[in-house]
$ cat final.cif   # mmCIF, C-alpha atoms
data_input
loop_
_atom_site.label_atom_id
_atom_site.label_comp_id
_atom_site.auth_asym_id
_atom_site.auth_seq_id
_atom_site.Cartn_x
_atom_site.Cartn_y
_atom_site.Cartn_z
CA MET A 1 -37.89 -9.66 -2.65
CA LYS A 2 -35.82 -8.46 -5.59
CA PHE A 3 -33.86 -5.60 -7.09
CA VAL A 4 -32.63 -4.64 -10.56
CA VAL A 5 -29.10 -3.33 -11.13
CA SER A 6 -26.57 -2.87 -13.92
CA SER A 7 -24.28 -5.91 -14.11
CA SER A 8 -21.17 -3.79 -14.76
CA GLU A 9 -21.99 -1.40 -11.91
CA LEU A 10 -22.42 -4.29 -9.50
CA VAL A 11 -19.18 -5.96 -10.64
CA LYS A 12 -17.28 -2.69 -10.30
CA ASN A 13 -18.42 -2.21 -6.70
CA LEU A 14 -17.87 -5.83 -5.72
CA SER A 15 -14.36 -5.70 -7.21
CA ASN A 16 -13.56 -2.64 -5.11
CA ILE A 17 -14.25 -4.49 -1.86
CA SER A 18 -13.54 -8.15 -2.72
CA GLY A 19 -9.85 -7.82 -1.81
CA VAL A 20 -10.82 -7.84 1.87
CA ILE A 21 -11.96 -11.47 1.71
CA ALA A 22 -9.22 -13.85 2.89
CA PRO A 23 -8.50 -16.99 0.82
CA ASN A 24 -9.10 -19.25 3.84
CA PRO A 25 -11.09 -17.25 6.41
CA LEU A 26 -11.27 -18.48 9.99
CA VAL A 27 -15.05 -18.15 9.90
CA PRO A 28 -16.73 -19.71 6.80
CA ILE A 29 -19.40 -16.98 6.61
CA LEU A 30 -16.61 -14.53 5.69
CA GLU A 31 -16.36 -16.18 2.27
CA ASN A 32 -19.55 -14.25 1.49
CA PHE A 33 -20.63 -10.74 0.62
CA LEU A 34 -23.34 -9.39 2.91
CA PHE A 35 -26.12 -7.81 0.80
CA GLU A 36 -28.48 -5.44 2.65
CA LEU A 37 -31.29 -3.98 0.54
CA ASP A 38 -33.33 -1.06 1.85
CA LYS A 39 -35.66 -0.01 -0.96
CA THR A 40 -33.46 1.72 -3.56
CA SER A 41 -30.27 1.53 -1.46
CA LEU A 42 -28.08 -1.58 -1.63
CA THR A 43 -25.21 -1.94 0.84
CA VAL A 44 -22.63 -4.68 0.19
CA THR A 45 -20.12 -5.61 2.91
CA ALA A 46 -16.95 -7.72 2.84
CA SER A 47 -14.92 -8.55 5.95
CA ASP A 48 -12.00 -10.56 7.32
CA MET A 49 -12.71 -9.56 10.97
CA GLN A 50 -9.77 -7.10 10.99
CA THR A 51 -10.79 -5.03 7.96
CA VAL A 52 -14.27 -4.26 6.66
CA MET A 53 -15.15 -2.64 3.33
CA VAL A 54 -18.61 -1.39 2.39
CA ALA A 55 -19.95 -0.27 -0.99
CA ASP A 56 -23.24 1.62 -1.35
CA LEU A 57 -25.09 1.76 -4.65
CA MET A 58 -28.52 2.68 -5.92
CA VAL A 59 -30.76 -0.02 -7.38
CA ASP A 60 -34.29 -0.31 -8.70
CA SER A 61 -36.36 -1.83 -5.89
CA GLY A 62 -38.92 -1.14 -3.21
CA ASP A 63 -38.11 -4.09 -0.94
CA THR A 64 -36.08 -4.65 2.23
CA VAL A 65 -34.05 -7.85 2.59
CA SER A 66 -30.62 -9.17 3.64
CA VAL A 67 -28.61 -12.20 2.57
CA ALA A 68 -25.01 -13.49 2.56
CA ILE A 69 -23.93 -14.57 -0.95
CA PRO A 70 -20.79 -16.65 -1.76
CA ALA A 71 -18.31 -14.08 -3.06
CA LYS A 72 -16.27 -16.14 -5.54
CA LEU A 73 -19.29 -17.80 -7.15
CA LEU A 74 -21.07 -14.47 -7.51
CA MET A 75 -18.02 -12.65 -8.90
CA ASP A 76 -17.22 -15.40 -11.41
CA THR A 77 -20.82 -15.35 -12.62
CA LEU A 78 -21.11 -11.57 -12.98
CA LYS A 79 -17.71 -11.10 -14.65
CA SER A 80 -18.74 -13.38 -17.49
CA LEU A 81 -21.89 -11.40 -18.24
CA PRO A 82 -22.06 -8.62 -20.83
CA GLU A 83 -23.32 -5.25 -19.64
CA GLN A 84 -27.07 -5.47 -19.04
CA PRO A 85 -29.70 -4.93 -16.34
CA ILE A 86 -29.96 -8.01 -14.12
CA SER A 87 -32.72 -8.96 -11.70
CA VAL A 88 -31.70 -10.44 -8.33
CA SER A 89 -34.42 -12.23 -6.34
CA ILE A 90 -33.85 -13.23 -2.71
CA SER A 91 -35.92 -15.60 -0.57
CA ASN A 92 -36.42 -14.50 3.05
CA GLU A 93 -37.12 -18.08 4.11
CA THR A 94 -34.38 -20.13 2.37
CA PHE A 95 -31.88 -17.32 1.55
CA GLY A 96 -31.81 -18.63 -2.00
CA VAL A 97 -30.63 -16.14 -4.62
CA GLU A 98 -31.74 -16.14 -8.24
CA ILE A 99 -30.07 -13.94 -10.86
CA THR A 100 -32.06 -13.41 -14.04
CA THR A 101 -30.40 -12.01 -17.16
CA SER A 102 -31.69 -11.29 -20.66
CA ASN A 103 -31.11 -14.88 -21.72
CA GLY A 104 -30.41 -16.96 -18.62
CA ARG A 105 -31.04 -17.73 -14.98
CA PHE A 106 -28.59 -18.60 -12.17
CA LYS A 107 -29.47 -19.95 -8.73
CA ILE A 108 -27.10 -19.51 -5.77
CA ALA A 109 -27.53 -20.86 -2.24
CA GLY A 110 -27.17 -17.89 0.10
CA GLU A 111 -26.68 -17.93 3.88
CA ASN A 112 -28.29 -16.36 6.91
CA PRO A 113 -27.17 -12.71 7.12
CA LEU A 114 -27.37 -12.81 10.93
CA ASP A 115 -24.28 -15.03 10.93
CA PHE A 116 -22.24 -12.30 9.24
CA PRO A 117 -20.22 -10.31 11.84
CA ARG A 118 -21.19 -6.70 12.34
CA ALA A 119 -18.70 -4.01 11.40
CA PRO A 120 -16.83 -2.54 14.40
CA GLN A 121 -17.97 0.84 15.59
CA VAL A 122 -15.48 3.68 15.44
CA ASN A 123 -15.73 6.01 18.41
CA ARG A 124 -14.76 8.93 16.27
CA ASN A 125 -12.73 11.03 18.68
CA PHE A 126 -10.40 12.34 15.97
CA ASN A 127 -11.02 13.12 12.30
CA ILE A 128 -9.34 14.81 9.38
CA GLU A 129 -10.29 15.33 5.73
CA LEU A 130 -7.74 15.16 2.91
CA ASP A 131 -7.59 14.93 -0.85
CA SER A 132 -7.47 11.44 -2.37
CA HIS A 133 -4.39 12.35 -4.44
CA ILE A 134 -2.51 13.31 -1.28
CA LEU A 135 -3.50 10.08 0.45
CA ALA A 136 -2.53 8.07 -2.65
CA ALA A 137 0.89 9.76 -2.74
CA ALA A 138 1.48 8.97 0.93
CA ILE A 139 0.54 5.31 0.42
CA ASN A 140 2.53 4.90 -2.82
CA ASN A 141 5.66 6.38 -1.26
CA THR A 142 5.64 4.17 1.83
CA LEU A 143 3.65 0.95 1.44
CA PHE A 144 6.30 -0.95 -0.56
CA ALA A 145 8.81 -0.63 2.30
CA THR A 146 6.64 -2.24 5.01
CA SER A 147 7.77 -5.56 6.47
CA THR A 148 6.11 -8.91 5.79
CA ASP A 149 7.50 -10.38 9.02
CA ASP A 150 4.54 -11.06 11.31
CA LEU A 151 6.96 -11.49 14.22
CA ARG A 152 7.47 -7.71 14.05
CA PRO A 153 3.85 -6.56 13.71
CA ALA A 154 4.56 -2.84 14.13
CA MET A 155 6.71 -2.85 11.01
CA THR A 156 4.01 -4.56 8.90
CA GLY A 157 2.12 -1.27 8.82
CA VAL A 158 2.70 2.41 8.08
CA TYR A 159 3.29 4.66 11.07
CA ILE A 160 1.43 7.99 10.87
CA ASP A 161 2.36 10.94 13.08
CA ILE A 162 -0.12 13.82 12.74
CA GLN A 163 1.09 17.09 14.27
CA GLU A 164 0.15 20.76 14.20
CA GLU A 165 2.76 21.60 11.52
CA ASN A 166 2.77 18.49 9.35
CA THR A 167 2.04 14.78 9.08
CA THR A 168 4.76 12.14 8.75
CA PHE A 169 4.27 8.69 7.19
CA VAL A 170 6.97 6.10 7.97
CA ALA A 171 7.56 2.57 6.69
CA THR A 172 10.49 0.23 7.33
CA ASP A 173 11.36 -3.45 7.05
CA GLY A 174 14.72 -3.18 8.82
CA HIS A 175 16.70 -2.98 5.56
CA ARG A 176 15.25 0.29 4.30
CA LEU A 177 13.19 3.12 5.70
CA ILE A 178 10.92 5.71 4.06
CA ARG A 179 9.98 8.96 5.76
CA TYR A 180 7.34 10.84 3.80
CA ARG A 181 6.21 14.17 5.24
CA ARG A 182 3.33 16.45 4.18
CA THR A 183 2.91 20.03 5.37
CA ASP A 184 -0.62 20.23 3.93
CA ILE A 185 -1.95 17.62 6.38
CA LYS A 186 -2.04 18.89 9.93
CA SER A 187 -4.23 18.93 13.01
CA SER A 188 -4.50 20.92 16.20
CA THR A 189 -4.89 17.57 17.99
CA PRO A 190 -1.62 15.61 17.57
CA THR A 191 -2.01 11.85 17.30
CA THR A 192 -0.09 8.78 16.14
CA MET A 193 -1.19 5.38 14.83
CA ILE A 194 -0.03 2.38 12.79
CA LEU A 195 -2.25 1.44 9.84
CA PRO A 196 -1.98 -2.17 8.58
CA ARG A 197 -0.52 -2.87 5.15
CA LYS A 198 -3.58 -4.75 3.87
CA ALA A 199 -5.98 -1.90 4.62
CA LEU A 200 -3.73 0.67 2.96
CA ASN A 201 -3.32 -1.52 -0.10
CA LEU A 202 -7.10 -1.85 -0.39
CA ILE A 203 -7.49 1.92 -0.14
CA LYS A 204 -4.80 2.40 -2.79
CA ILE A 205 -6.61 0.06 -5.19
CA SER A 206 -10.04 1.57 -4.52
CA LEU A 207 -9.21 5.29 -4.70
CA PRO A 208 -10.65 6.83 -7.88
CA SER A 209 -8.34 8.42 -10.44
CA ASN A 210 -10.07 11.77 -10.06
CA SER A 211 -9.61 13.90 -6.98
CA VAL A 212 -12.20 13.28 -4.24
CA PRO A 213 -12.28 14.17 -0.53
CA VAL A 214 -11.41 11.37 1.87
CA VAL A 215 -12.87 11.56 5.37
CA THR A 216 -10.62 9.79 7.88
CA GLU A 217 -11.70 9.18 11.46
CA PHE A 218 -9.80 7.39 14.21
CA SER A 219 -10.43 5.89 17.60
CA ASN A 220 -7.99 4.12 19.93
CA SER A 221 -8.42 0.82 18.10
CA ASN A 222 -9.94 1.46 14.66
CA ALA A 223 -9.65 3.73 11.64
CA PHE A 224 -12.50 4.73 9.33
CA PHE A 225 -12.08 5.93 5.73
CA SER A 226 -14.88 7.17 3.51
CA PHE A 227 -14.59 8.29 -0.12
CA GLY A 228 -17.18 8.25 -2.87
CA ASN A 229 -19.52 5.34 -2.15
CA ILE A 230 -16.79 3.26 -0.42
CA LYS A 231 -16.18 2.92 3.31
CA LEU A 232 -13.32 1.04 4.96
CA ILE A 233 -12.91 0.24 8.64
CA CYS A 234 -9.71 -1.39 9.89
CA ARG A 235 -8.20 -2.31 13.23
CA LEU A 236 -5.07 -0.33 14.08
CA ILE A 237 -1.85 -2.17 14.95
CA ASP A 238 -1.49 -1.90 18.71
CA GLU A 239 2.31 -1.96 18.93
CA ARG A 240 5.14 0.46 19.66
CA TYR A 241 6.81 1.69 16.48
CA PRO A 242 10.65 1.71 16.35
CA ASP A 243 12.41 5.01 17.04
CA TYR A 244 13.10 5.60 13.35
CA GLU A 245 14.67 9.06 13.73
CA ASN A 246 17.64 7.55 15.59
CA VAL A 247 18.66 5.38 12.63
CA ILE A 248 18.78 8.28 10.15
CA PRO A 249 22.44 9.42 9.96
CA LYS A 250 22.76 13.15 10.49
CA ALA A 251 26.30 13.82 9.19
CA ASN A 252 26.65 12.77 5.54
CA PRO A 253 29.56 14.66 3.94
CA HIS A 254 29.58 12.66 0.68
CA ARG A 255 26.88 13.66 -1.82
CA MET A 256 26.26 12.10 -5.23
CA THR A 257 23.71 13.51 -7.68
CA VAL A 258 22.74 11.28 -10.59
CA GLU A 259 20.00 10.92 -13.19
CA ARG A 260 17.47 8.54 -11.66
CA SER A 261 16.36 6.64 -14.78
CA LYS A 262 19.94 6.12 -15.98
CA PHE A 263 20.98 4.87 -12.53
CA LEU A 264 17.94 2.59 -12.25
CA ASN A 265 18.30 1.05 -15.71
CA SER A 266 21.98 0.36 -15.18
CA LEU A 267 21.27 -1.08 -11.74
CA LYS A 268 18.67 -3.47 -13.15
CA ARG A 269 21.10 -4.76 -15.79
CA ILE A 270 23.95 -5.24 -13.33
CA ALA A 271 21.66 -6.91 -10.78
CA ILE A 272 21.10 -9.78 -13.23
CA PHE A 273 24.70 -10.81 -12.57
CA SER A 274 24.58 -10.48 -8.78
CA ASN A 275 24.41 -13.36 -6.34
CA LYS A 276 20.84 -14.67 -6.27
CA THR A 277 20.87 -14.86 -2.46
CA THR A 278 22.49 -11.57 -1.45
CA HIS A 279 21.62 -9.47 -4.57
CA GLN A 280 24.77 -7.52 -3.75
CA ILE A 281 25.96 -4.77 -6.07
CA ARG A 282 28.95 -2.48 -5.59
CA LEU A 283 28.98 1.27 -6.13
CA LYS A 284 32.37 2.91 -6.70
CA ILE A 285 31.98 6.68 -6.70
CA THR A 286 34.50 9.26 -7.87
CA ALA A 287 34.24 12.96 -8.74
CA ASP A 288 32.27 12.56 -11.97
CA GLU A 289 31.73 8.83 -12.42
CA LEU A 290 29.67 6.09 -10.79
CA THR A 291 30.80 2.51 -11.41
CA ILE A 292 28.17 -0.16 -10.74
CA SER A 293 29.37 -3.75 -10.59
CA ALA A 294 28.26 -7.19 -9.46
CA GLU A 295 29.68 -10.69 -9.42
CA ASP A 296 28.23 -14.11 -8.74
CA LEU A 297 31.20 -16.20 -7.59
CA ASP A 298 29.15 -19.41 -7.71
CA TYR A 299 28.70 -19.15 -11.48
CA SER A 300 31.66 -16.91 -12.44
CA ASN A 301 29.28 -14.24 -13.76
CA GLU A 302 30.14 -10.57 -13.49
CA ALA A 303 29.11 -7.22 -14.94
CA VAL A 304 30.20 -3.61 -14.69
CA GLU A 305 28.87 -0.31 -16.05
CA LYS A 306 29.89 3.31 -15.66
CA ILE A 307 27.58 6.32 -15.71
CA SER A 308 28.22 10.01 -15.16
CA CYS A 309 27.36 11.71 -11.89
CA GLU A 310 28.18 14.74 -9.78
CA TYR A 311 29.96 13.88 -6.55
CA VAL A 312 31.31 15.88 -3.65
CA GLY A 313 33.44 13.97 -1.14
CA ASP A 314 36.19 11.39 -0.95
CA ASP A 315 36.21 8.45 -3.35
CA MET A 316 34.07 5.66 -1.91
CA GLU A 317 33.06 2.06 -2.45
CA ILE A 318 29.86 0.82 -0.84
CA GLY A 319 27.63 -2.22 -1.30
CA PHE A 320 23.84 -2.40 -1.41
CA ASN A 321 21.12 -4.96 -2.00
CA ALA A 322 20.21 -4.32 -5.65
CA LYS A 323 16.62 -5.47 -5.14
CA PHE A 324 15.96 -2.93 -2.36
CA LEU A 325 17.80 -0.10 -4.12
CA ALA A 326 15.99 -0.66 -7.43
CA GLU A 327 12.57 -0.80 -5.77
CA MET A 328 13.22 2.49 -3.99
CA LEU A 329 14.38 4.21 -7.19
CA SER A 330 11.35 2.80 -9.04
CA ASN A 331 9.02 4.48 -6.55
CA ILE A 332 10.52 7.93 -7.12
CA SER A 333 9.16 10.20 -9.86
CA SER A 334 11.99 12.73 -9.65
CA SER A 335 14.28 12.99 -12.71
CA THR A 336 17.39 13.18 -10.51
CA ILE A 337 18.24 11.97 -7.03
CA THR A 338 20.89 12.83 -4.47
CA MET A 339 22.51 10.05 -2.46
CA GLU A 340 24.06 11.17 0.82
CA LEU A 341 26.70 8.89 2.35
CA SER A 342 29.03 8.89 5.33
CA LEU A 343 30.90 5.57 5.61
CA PRO A 344 30.73 2.25 3.70
CA ASN A 345 29.16 0.59 6.76
CA ARG A 346 26.60 3.31 7.41
CA ALA A 347 23.15 3.73 5.85
CA GLY A 348 22.81 5.77 2.67
CA LEU A 349 20.11 8.40 2.18
CA ILE A 350 18.28 8.88 -1.10
CA ILE A 351 16.61 12.27 -1.58
CA PRO A 352 14.59 13.12 -4.72
CA SER A 353 15.60 16.41 -6.31
CA ASP A 354 12.09 17.17 -7.62
CA LYS A 355 9.33 17.31 -5.02
CA GLU A 356 5.91 18.85 -4.64
CA GLU A 357 5.70 22.06 -2.70
CA ASN A 358 4.14 20.45 0.36
CA GLU A 359 6.09 17.18 0.53
CA ASP A 360 9.43 15.99 1.84
CA ILE A 361 10.76 12.52 1.01
CA LEU A 362 13.72 10.76 2.59
CA MET A 363 14.67 7.16 1.82
CA LEU A 364 17.22 5.22 3.85
CA VAL A 365 18.85 2.00 2.65
CA MET A 366 21.22 -0.14 4.71
CA PRO A 367 24.55 -1.19 3.13
CA VAL A 368 25.72 -4.80 2.75
CA MET A 369 29.23 -6.09 3.43
CA LEU A 370 31.30 -6.01 0.27
CA ASN A 371 32.79 -9.24 -1.02
CA SER A 372 36.51 -9.37 -1.70
CA TYR A 373 36.32 -9.32 -5.48
CA SER A 374 37.85 -6.33 -7.22
#

$ encode --input "final.cif" --output "structure tokens"
Amino acid sequence: MKFVVSSSELVKNLSNISGVIAPNPLVPILENFLFELDKTSLTVTASDMQTVMVADLMVDSGDTVSVAIPAKLLMDTLKSLPEQPISVSISNETFGVEITTSNGRFKIAGENPLDFPRAPQVNRNFNIELDSHILAAAINNTLFATSTDDLRPAMTGVYIDIQEENTTFVATDGHRLIRYRRTDIKSSTPTTMILPRKALNLIKISLPSNSVPVVTEFSNSNAFFSFGNIKLICRLIDERYPDYENVIPKANPHRMTVERSKFLNSLKRIAIFSNKTTHQIRLKITADELTISAEDLDYSNEAVEKISCEYVGDDMEIGFNAKFLAEMLSNISSSTITMELSLPNRAGLIIPSDKEENEDILMLVMPVMLNSYS
């Protein structure tokens, strides 16, 4: 049993799904790709039990066969090959795999495909179709703010609230919160879910640069995404998401508008001099000037810069974690941002001035206690 395929086409598809495979899977068979050949259709599957990715591609064959092939060995071999047609022969009896190129031959010991776990079935009781660029925007604007603390599993994913008027994507790690809302995604059947960070990151990497429709289908326990020749199935996080609306301050009388790139570049320079544990920086805001400063008392290092801004409200000093603030500003494309503040011990809101017609972005960052330096 064999098939012929372009080496670059095979590598491209394997690369799209290889991120699913865990470095040290609980089940050894999951170190493999599952190859399923049905005449001219080749289906390749990668899984870590929680997330499954499938790539479909056309090949030159008339056979039907299945085999599990070690992923790392196969990828390392194919990546080193120049673009050319390669012939892949598979033994039904021994599961041995032989790859023949224009000037070489490689033998790989495959495994029984029956040992590879089947992909979970999605009882598709809810579905919605959206543009890949919209999905990419939602992921890019929220994914970076998810938590890595497995003791708070709900916060390790992105909360999605689909309603009749809009859809809201929320991510938080307890220090910052992103609420990204789209009015061009809606459904007559409201539903909520929490999608895991790993699955969303895999989708982000795999989405093509050109605009394609993405079919999304959900059940009580799984989500299914299909775009181009890629399919992804992931288990939803079965946890209660924090009541994020309650932590967003409603009354914020102090408003600062500043050029985003100028603020970000200054922040990055000042952050170099901040304490390496707290990353604390200080913002002193007056009517037309923002003073950014930091000091590392352990090494007697300090830095201060002033940039112009527009500010309405009483003069204020407030501290933030420079790392969190810089990451949030880096994930905004707007040329200017507005920071809304209430008190030095209350969360600050960052709102991009430039937004698409159908989107609304709100970023919340918690303050840190200011040190006594002046």

$ residues_around --input "final.cif" --residues "Asp38 (chain A)" --least-positions-apart "5" --cutoff "7 Å" --atoms "all atoms listed in the file" --output "ChimeraX atom specification"
/A:63-65

$ resolve_selection --input "final.cif" --expression "the PyMOL selection byres ((chain A and resi 291) around 7)" --output "list of chain:residue names"
A:Leu283, A:Lys284, A:Ile285, A:Glu289, A:Leu290, A:Ile292, A:Ser293, A:Val304, A:Glu305, A:Lys306, A:Ile307

$ closest_residue --input "final.cif" --among "A:Leu135, A:Met53, A:Ser333, A:Glu36" --to "Ala68 (chain A)" --atoms "only C-alpha atoms"
A:Glu36

$ closest_atom_pairs --input "final.cif" --of "region 133-181 of chain A" --to "region 345-350 of chain A" --cutoff "12 Å" --atoms "all atoms listed in the file" --output "Markdown table"
| residue | atom | partner | partner_atom | distance |
| --- | --- | --- | --- | --- |
| A:Gly174 | CA | A:Ala347 | CA | 11.3 |
| A:His175 | CA | A:Ala347 | CA | 9.3 |
| A:Arg176 | CA | A:Ala347 | CA | 8.8 |
| A:Leu177 | CA | A:Leu349 | CA | 9.4 |
| A:Ile178 | CA | A:Ile350 | CA | 9.5 |
| A:Arg179 | CA | A:Leu349 | CA | 10.8 |

$ resolve_selection --input "final.cif" --expression "the PyMOL selection byres ((chain A and resi 66) around 10)" --output "count of residues only"
22

$ atom_distance --input "final.cif" --atom1 "CA of Tyr180 (chain A)" --atom2 "CA of Gln280 (chain A)"
26.4 Å

$ resolve_selection --input "final.cif" --expression "the PyMOL selection byres ((chain A and resi 364) around 12)" --output "PyMOL selection string"
chain A and resi 142+145+170-180+244-250+320+324-325+328-329+338-341+346-352+361-363+365-367

$ closest_residue --input "final.cif" --among "A:Ser330, A:Ser187, A:Ser261, A:Thr168" --to "Glu129 (chain A)" --atoms "only C-alpha atoms"
A:Ser187

$ residues_near_point --input "final.cif" --point "(-2.1, -0.7, -5.2)" --cutoff "10 Å" --atoms "only C-alpha atoms" --output "ChimeraX atom specification"
/A:136,139-140,143-144,200-207

$ closest_residue --input "final.cif" --among "A:Tyr159, A:Phe126, A:Phe116, A:Phe3" --to "Thr45 (chain A)" --atoms "only C-alpha atoms"
A:Phe116

$ closest_residue --input "final.cif" --among "A:Arg240, A:Val258, A:Asn210, A:Thr101" --to "Pro82 (chain A)" --atoms "all atoms listed in the file"
A:Thr101

$ atom_distance --input "final.cif" --atom1 "CA of Val214 (chain A)" --atom2 "CA of Ile128 (chain A)"
8.5 Å

$ closest_residue --input "final.cif" --among "A:Pro213, A:Thr156, A:Cys309, A:Pro28" --to "Pro242 (chain A)" --atoms "all atoms listed in the file"
A:Thr156

$ atom_distance --input "final.cif" --atom1 "CA of Arg182 (chain A)" --atom2 "CA of Glu164 (chain A)"
11.4 Å

$ residues_near_point --input "final.cif" --point "(-26.0, -12.5, -21.1)" --cutoff "9 Å" --atoms "only C-alpha atoms" --output "list of chain:residue names"
A:Ser80, A:Leu81, A:Pro82, A:Glu83, A:Gln84, A:Thr101, A:Ser102, A:Asn103, A:Gly104

$ closest_residue --input "final.cif" --among "A:Met316, A:Leu232, A:Leu267, A:Ala154" --to "Pro253 (chain A)" --atoms "all atoms listed in the file"
A:Met316

$ residues_around --input "final.cif" --residues "Gly157 (chain A)" --least-positions-apart "6" --cutoff "8 Å" --atoms "only C-alpha atoms" --output "list in words"
Leu143, Thr146, Ser147, Ala171, Ile194, Leu195, Pro196, Arg197 and Ile237 of chain A

$ axis_aligned_box --input "final.cif" --around "region 261-278 of chain A" --padding-each-side "6 Å" --output "JSON"
{"center_x": 20.5, "center_y": -4.1, "center_z": -8.7, "size_x": 20.3, "size_y": 33.5, "size_z": 26.5}

$ build_atoms --input "final.cif" --residues "region 115-131 of chain A" --atoms "N, CA, C and O atoms" --output "PDB file, in the frame of the given file"
ATOM      1  N   ASP A 115     -25.552 -14.397  10.585  1.00  0.00           N
ATOM      2  CA  ASP A 115     -24.280 -15.030  10.930  1.00  0.00           C
ATOM      3  C   ASP A 115     -23.084 -14.170  10.533  1.00  0.00           C
ATOM      4  O   ASP A 115     -21.956 -14.436  10.966  1.00  0.00           O
ATOM      5  N   PHE A 116     -23.331 -13.166   9.708  1.00  0.00           N
ATOM      6  CA  PHE A 116     -22.240 -12.300   9.240  1.00  0.00           C
ATOM      7  C   PHE A 116     -21.884 -11.311  10.360  1.00  0.00           C
ATOM      8  O   PHE A 116     -22.761 -10.645  10.912  1.00  0.00           O
ATOM      9  N   PRO A 117     -20.595 -11.206  10.730  1.00  0.00           N
ATOM     10  CA  PRO A 117     -20.220 -10.310  11.840  1.00  0.00           C
ATOM     11  C   PRO A 117     -20.492  -8.853  11.519  1.00  0.00           C
ATOM     12  O   PRO A 117     -20.308  -8.411  10.387  1.00  0.00           O
ATOM     13  N   ARG A 118     -20.931  -8.126  12.510  1.00  0.00           N
ATOM     14  CA  ARG A 118     -21.190  -6.700  12.340  1.00  0.00           C
ATOM     15  C   ARG A 118     -19.878  -5.923  12.259  1.00  0.00           C
ATOM     16  O   ARG A 118     -18.872  -6.300  12.861  1.00  0.00           O
ATOM     17  N   ALA A 119     -19.885  -4.856  11.503  1.00  0.00           N
ATOM     18  CA  ALA A 119     -18.700  -4.010  11.400  1.00  0.00           C
ATOM     19  C   ALA A 119     -18.425  -3.333  12.731  1.00  0.00           C
ATOM     20  O   ALA A 119     -19.359  -2.922  13.426  1.00  0.00           O
ATOM     21  N   PRO A 120     -17.136  -3.208  13.130  1.00  0.00           N
ATOM     22  CA  PRO A 120     -16.830  -2.540  14.400  1.00  0.00           C
ATOM     23  C   PRO A 120     -17.211  -1.073  14.360  1.00  0.00           C
ATOM     24  O   PRO A 120     -17.168  -0.429  13.309  1.00  0.00           O
ATOM     25  N   GLN A 121     -17.622  -0.567  15.492  1.00  0.00           N
ATOM     26  CA  GLN A 121     -17.970   0.840  15.590  1.00  0.00           C
ATOM     27  C   GLN A 121     -16.721   1.668  15.885  1.00  0.00           C
ATOM     28  O   GLN A 121     -15.867   1.265  16.667  1.00  0.00           O
ATOM     29  N   VAL A 122     -16.607   2.785  15.212  1.00  0.00           N
ATOM     30  CA  VAL A 122     -15.480   3.680  15.440  1.00  0.00           C
ATOM     31  C   VAL A 122     -15.951   4.829  16.318  1.00  0.00           C
ATOM     32  O   VAL A 122     -16.811   5.618  15.907  1.00  0.00           O
ATOM     33  N   ASN A 123     -15.428   4.881  17.539  1.00  0.00           N
ATOM     34  CA  ASN A 123     -15.730   6.010  18.410  1.00  0.00           C
ATOM     35  C   ASN A 123     -14.922   7.201  17.904  1.00  0.00           C
ATOM     36  O   ASN A 123     -13.761   7.373  18.270  1.00  0.00           O
ATOM     37  N   ARG A 124     -15.520   7.961  17.043  1.00  0.00           N
ATOM     38  CA  ARG A 124     -14.760   8.930  16.270  1.00  0.00           C
ATOM     39  C   ARG A 124     -14.342  10.138  17.102  1.00  0.00           C
ATOM     40  O   ARG A 124     -14.967  11.190  17.078  1.00  0.00           O
ATOM     41  N   ASN A 125     -13.208   9.944  17.844  1.00  0.00           N
ATOM     42  CA  ASN A 125     -12.730  11.030  18.680  1.00  0.00           C
ATOM     43  C   ASN A 125     -11.667  11.885  17.988  1.00  0.00           C
ATOM     44  O   ASN A 125     -11.105  12.785  18.575  1.00  0.00           O
ATOM     45  N   PHE A 126     -11.357  11.552  16.731  1.00  0.00           N
ATOM     46  CA  PHE A 126     -10.400  12.340  15.970  1.00  0.00           C
ATOM     47  C   PHE A 126     -10.721  12.170  14.494  1.00  0.00           C
ATOM     48  O   PHE A 126     -10.949  11.053  14.035  1.00  0.00           O
ATOM     49  N   ASN A 127     -10.754  13.242  13.728  1.00  0.00           N
ATOM     50  CA  ASN A 127     -11.020  13.120  12.300  1.00  0.00           C
ATOM     51  C   ASN A 127     -10.278  14.189  11.519  1.00  0.00           C
ATOM     52  O   ASN A 127      -9.918  15.240  12.064  1.00  0.00           O
ATOM     53  N   ILE A 128     -10.047  13.882  10.269  1.00  0.00           N
ATOM     54  CA  ILE A 128      -9.340  14.810   9.380  1.00  0.00           C
ATOM     55  C   ILE A 128      -9.792  14.505   7.957  1.00  0.00           C
ATOM     56  O   ILE A 128     -10.059  13.352   7.623  1.00  0.00           O
ATOM     57  N   GLU A 129      -9.898  15.525   7.124  1.00  0.00           N
ATOM     58  CA  GLU A 129     -10.290  15.330   5.730  1.00  0.00           C
ATOM     59  C   GLU A 129      -9.119  15.709   4.829  1.00  0.00           C
ATOM     60  O   GLU A 129      -8.470  16.735   5.041  1.00  0.00           O
ATOM     61  N   LEU A 130      -8.831  14.875   3.826  1.00  0.00           N
ATOM     62  CA  LEU A 130      -7.740  15.160   2.910  1.00  0.00           C
ATOM     63  C   LEU A 130      -8.111  14.747   1.501  1.00  0.00           C
ATOM     64  O   LEU A 130      -9.065  13.994   1.292  1.00  0.00           O
ATOM     65  N   ASP A 131      -7.346  15.247   0.550  1.00  0.00           N
ATOM     66  CA  ASP A 131      -7.590  14.930  -0.850  1.00  0.00           C
ATOM     67  C   ASP A 131      -7.106  13.527  -1.172  1.00  0.00           C
ATOM     68  O   ASP A 131      -6.074  13.082  -0.665  1.00  0.00           O
TER      69      ASP A 131
END
